[in-house]
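Novice: The structure under discussion is supplied below as structure tokens; questions concerning it will follow.
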Amino acid sequence: MMYLFATVLNGSPIKFPQISYVSILPEIILIGVAATIMLLVALIGRTRATYGYTGLGVAAALISGVWSYHLNQSVTSHGARSVIGGALAVDGFSTFFMILTSLGLIVTLLVAEAYLYKVAARGPEFVALTLLSASGAMLMESAYDLLVLFIGLEILSISLYVMVAFTTSRKLSKESAFKYFILGGFASALFLYGLALTYGATGSTNLAKIALFLSNNTLTSNGVLLAGMVLILAGLGFKVALVPFQFWTPDVYQGAPTTVTGYMSGVVKAAGFAALLRVFFVAFETLRADWQPVLLVVSVLTLLVGAVLAVVQKDVKRTLAYSSINHAGFILLGLYVATAASIGDSLYYLFAYTVMSSGTFAVISMIAHLEDRTEMSLSLTDLKGLSSKYPKVALSLAILLLAQAGAPFTIGFLAKFSVLSAVIQAHHYALGVLAMLSVVIAAVLYLRITLSMYSPVVEKRDVSDEELVQAVSLGAVAVEVEEETQVKVKSKIPLPAGIAVFIALAITIGLALDANPLVHFAAQATLLK
Amino acid sequence: MSVPGSWYLILAATLFGVGAFGLLVRRNILIMFMCLELMLNAVNLTLVTYSRMLNDIAGQVSVFFVLVVAAAEVVVGLGLIVSIFRGKRQVTADDLHILRG
């Protein structure tokens with residue numbers, strides 16, 4: 001403080017860091033468009049149609065994705081760097097995640113258009129909130145300082161609390177929003193206390209400076225630092241739903257609007273894992289011996305609890321919530337065996353998971369839209385007969401679910417294979433067997449959903465003989481009439497949501513047929529040291 | 001007479017513990033909310049203390065960020081509480097029991 005006053009009194013200028021606007025352009029675009037949308041709403045007034053706003057949002061996501069790709073190319077040619085006084089990193093890792101985030105954002109916005117219209121909560125605010133939240137995710141992914149990471153986390157979370165509560169008329173939505181808010185706030189506080197303790201122990205919140213301090217000094221009593229590390233792990237573990245901190249997941253996933261659930265399971269999880277990875281592999285790399293056993297226990301628990309509890313659920317969204325916990329265990333397992341240089345397998349898995357999960361929830365919200373279901377929950381029996389009514393929808397959901405289960409010819413298979421082969425290569429055979437076992441258990445749940453979609457509706461009808469005779473005699477006519485009524489009941493698949501599902505399917509199958517680009521892309525996503 | 005820094009740290013840790021315990025145990029939603037704020041302020045005290053002990057300005061700057069974030073959280077949180085419990089006399093977490101399993 002004295003130093004600050006002294007510089008003011010002496011008249012010498014206070015040094016500000018050079019701000020590289022080019023590196024934060026993806027975030028700036030998202031925030032700018034979100035603000036523009038709110039301004040337009042104020043100027044034009046609320047209209048029933050929100051196609052324009054959604055279009056604006058998708059365009060923003062697209063541009064920031066393209067710019068992230070440009071940054072990615074510049075990293076390959078010019079090398080990784082930290083910008084704005086070492087607060088942000090521009091490296092293969094951050095740009096990889098930023099591209100993934102804009103992809104998830106596009107899918108979310110496209111699906112939200114039709115879904116929210118159905119649950120009568122359509123509004124341009126939703127688009128603005130989603131953009132803001134995604135900008136927080138991008139900030140988290142490129143943060144090179146614990147404080148910046150915290151700010152990104154909060155931008156992401158606070159927008160998300162509102163998004164979860166967006167369908168205000170529904171009790172379920174409000175309840176899950178409140179649960180998410182209280183537990184999310186708790187997680188943020190834990191992370192923040194971890195930040196404070198780490199700062200106290202190492203004298204800095206900058207990841208590179210923490211790493212430098214830890215490699216130069218051997219702490220005689222590192223209790224404070226270890227406590228800080230555990231608290232940071234707990235705080236971020238909440239966001240990505242690792243096992244001791246997973247209890248909010250099924251409730252929130254079920255109660256939230258399905259579009260938001262997809263966003264949470266895709267974009268938010270990716271951002272959380274990005275932060276977790278960067279903090280532990282950059283700042284705490286020298287303390288590897290301390291955090292690796294913790295990671296092992298957490299990943300095994302996450303794998304098993306996710307798989308086992310998923311099988312006994314009756315609600316589709318709850319089932320998928322537990323399955324996302326199982327996936328988180330897989331990603332963490334990849335991290336357990338990885339070194340800073342070989343996080344590519346986990347990143348590949350994360351990319352595949354984000355695409356598959358966003359796609360799955362996109363299809364489910366499409367089903368809710370088509371079936372005219374205003375309730376937030378969708379039980380397994382509700383899916384019966386879906387294949388005969390909407391064959392295309394059922395087929396896409398089946399493909400995405402099988403991909404999540406790890407069926408061949410999808411990226412789900414390649415992702416599981418790469419993580420498992422990394423585990424085996426590190427000679428953790430028991431761990432590999434355990435992971436495969438959890439895959440088998442989890443496969444049951446995906447097959448259960450698929451089977452219930454393809455099983456016929458059982459309807460009890462009292463048909464008297466007379467009617468039967470009539471029906472037979474009128475045979476052809478009756479069939480025609482029935483078909484006509486069915487066509488009436490059927491509603492059309494909304495085009496934006498269709499595009500979103502198509503994107504997810506194309507990536508799920510397309511990138512499996514030629515695996516090299518994504519493998520190469522994930523391998524390039526290295527961390528700035 | 002000067003108070004050693006570790007006393008502040010212990011006080012902050014106690015406050016944080018009280019906040020965390022209250023958040024998990026109390027059923028009144030407003031009290032849970034207050035506990036959340038208590039946890040954040042305990043962190044602020046920790047940051048200021050370390051900042052003083054390390055003779056480094058960064059910790060105090062961090063406090064400003066935390067304050068702003070806490071204010072933003074209050075806005076959203078109170079909005080949620082009002083919308084959930086509009087027309088009810090009591091605000092307890094036991095009313096929120098639809099989602100379970």
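By convention in this document, the chains of the structure tokens carry letters A, B, ... by their order, each chain's residues are numbered from 1, and ligands are numbered from 1 in the order they are shown.
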Within 8 Å of chain B, which residues of chain A are there when counting only C-alpha atoms? Please give them as a count of residues only.
Specialist: 33
Novice: What parts of region 26-58 of chain A does DSSP call helix (DSSP H, G or I)? I'd like the answer as an MDAnalysis selection string.
Specialist: chainID A and resid 26:44 51:58
Novice: Do you know which residues are at most 10 Å from Pro391 (chain A) counting only C-alpha atoms, after dropping those on the same chain fewer than 5 positions away, and could you put them as a PyMOL selection string?
Specialist: chain A and resi 385-386+396-397+453-454
Novice: Limited to N, CA and C atoms, could you put the picked residues into a file as a compact mmCIF listing (two decimals), in the first residue's frame?
Specialist:
# COMPACT_ATOMS: atom_id res chain seq x y z
N GLY A 385 -42.38 -46.61 -27.58
CA GLY A 385 -43.07 -46.33 -28.83
C GLY A 385 -42.52 -45.15 -29.58
N LEU A 386 -41.43 -44.62 -29.11
CA LEU A 386 -40.85 -43.44 -29.75
C LEU A 386 -40.36 -43.76 -31.16
N SER A 396 -31.26 -41.20 -33.79
CA SER A 396 -30.16 -40.33 -33.35
C SER A 396 -29.85 -40.55 -31.88
N LEU A 397 -30.93 -40.68 -31.06
CA LEU A 397 -30.69 -40.89 -29.64
C LEU A 397 -29.98 -42.21 -29.42
N MET A 453 -37.06 -47.26 -25.99
CA MET A 453 -37.48 -46.46 -27.15
C MET A 453 -38.03 -47.34 -28.24
N TYR A 454 -37.42 -48.51 -28.40
CA TYR A 454 -37.79 -49.38 -29.51
C TYR A 454 -38.85 -50.41 -29.14
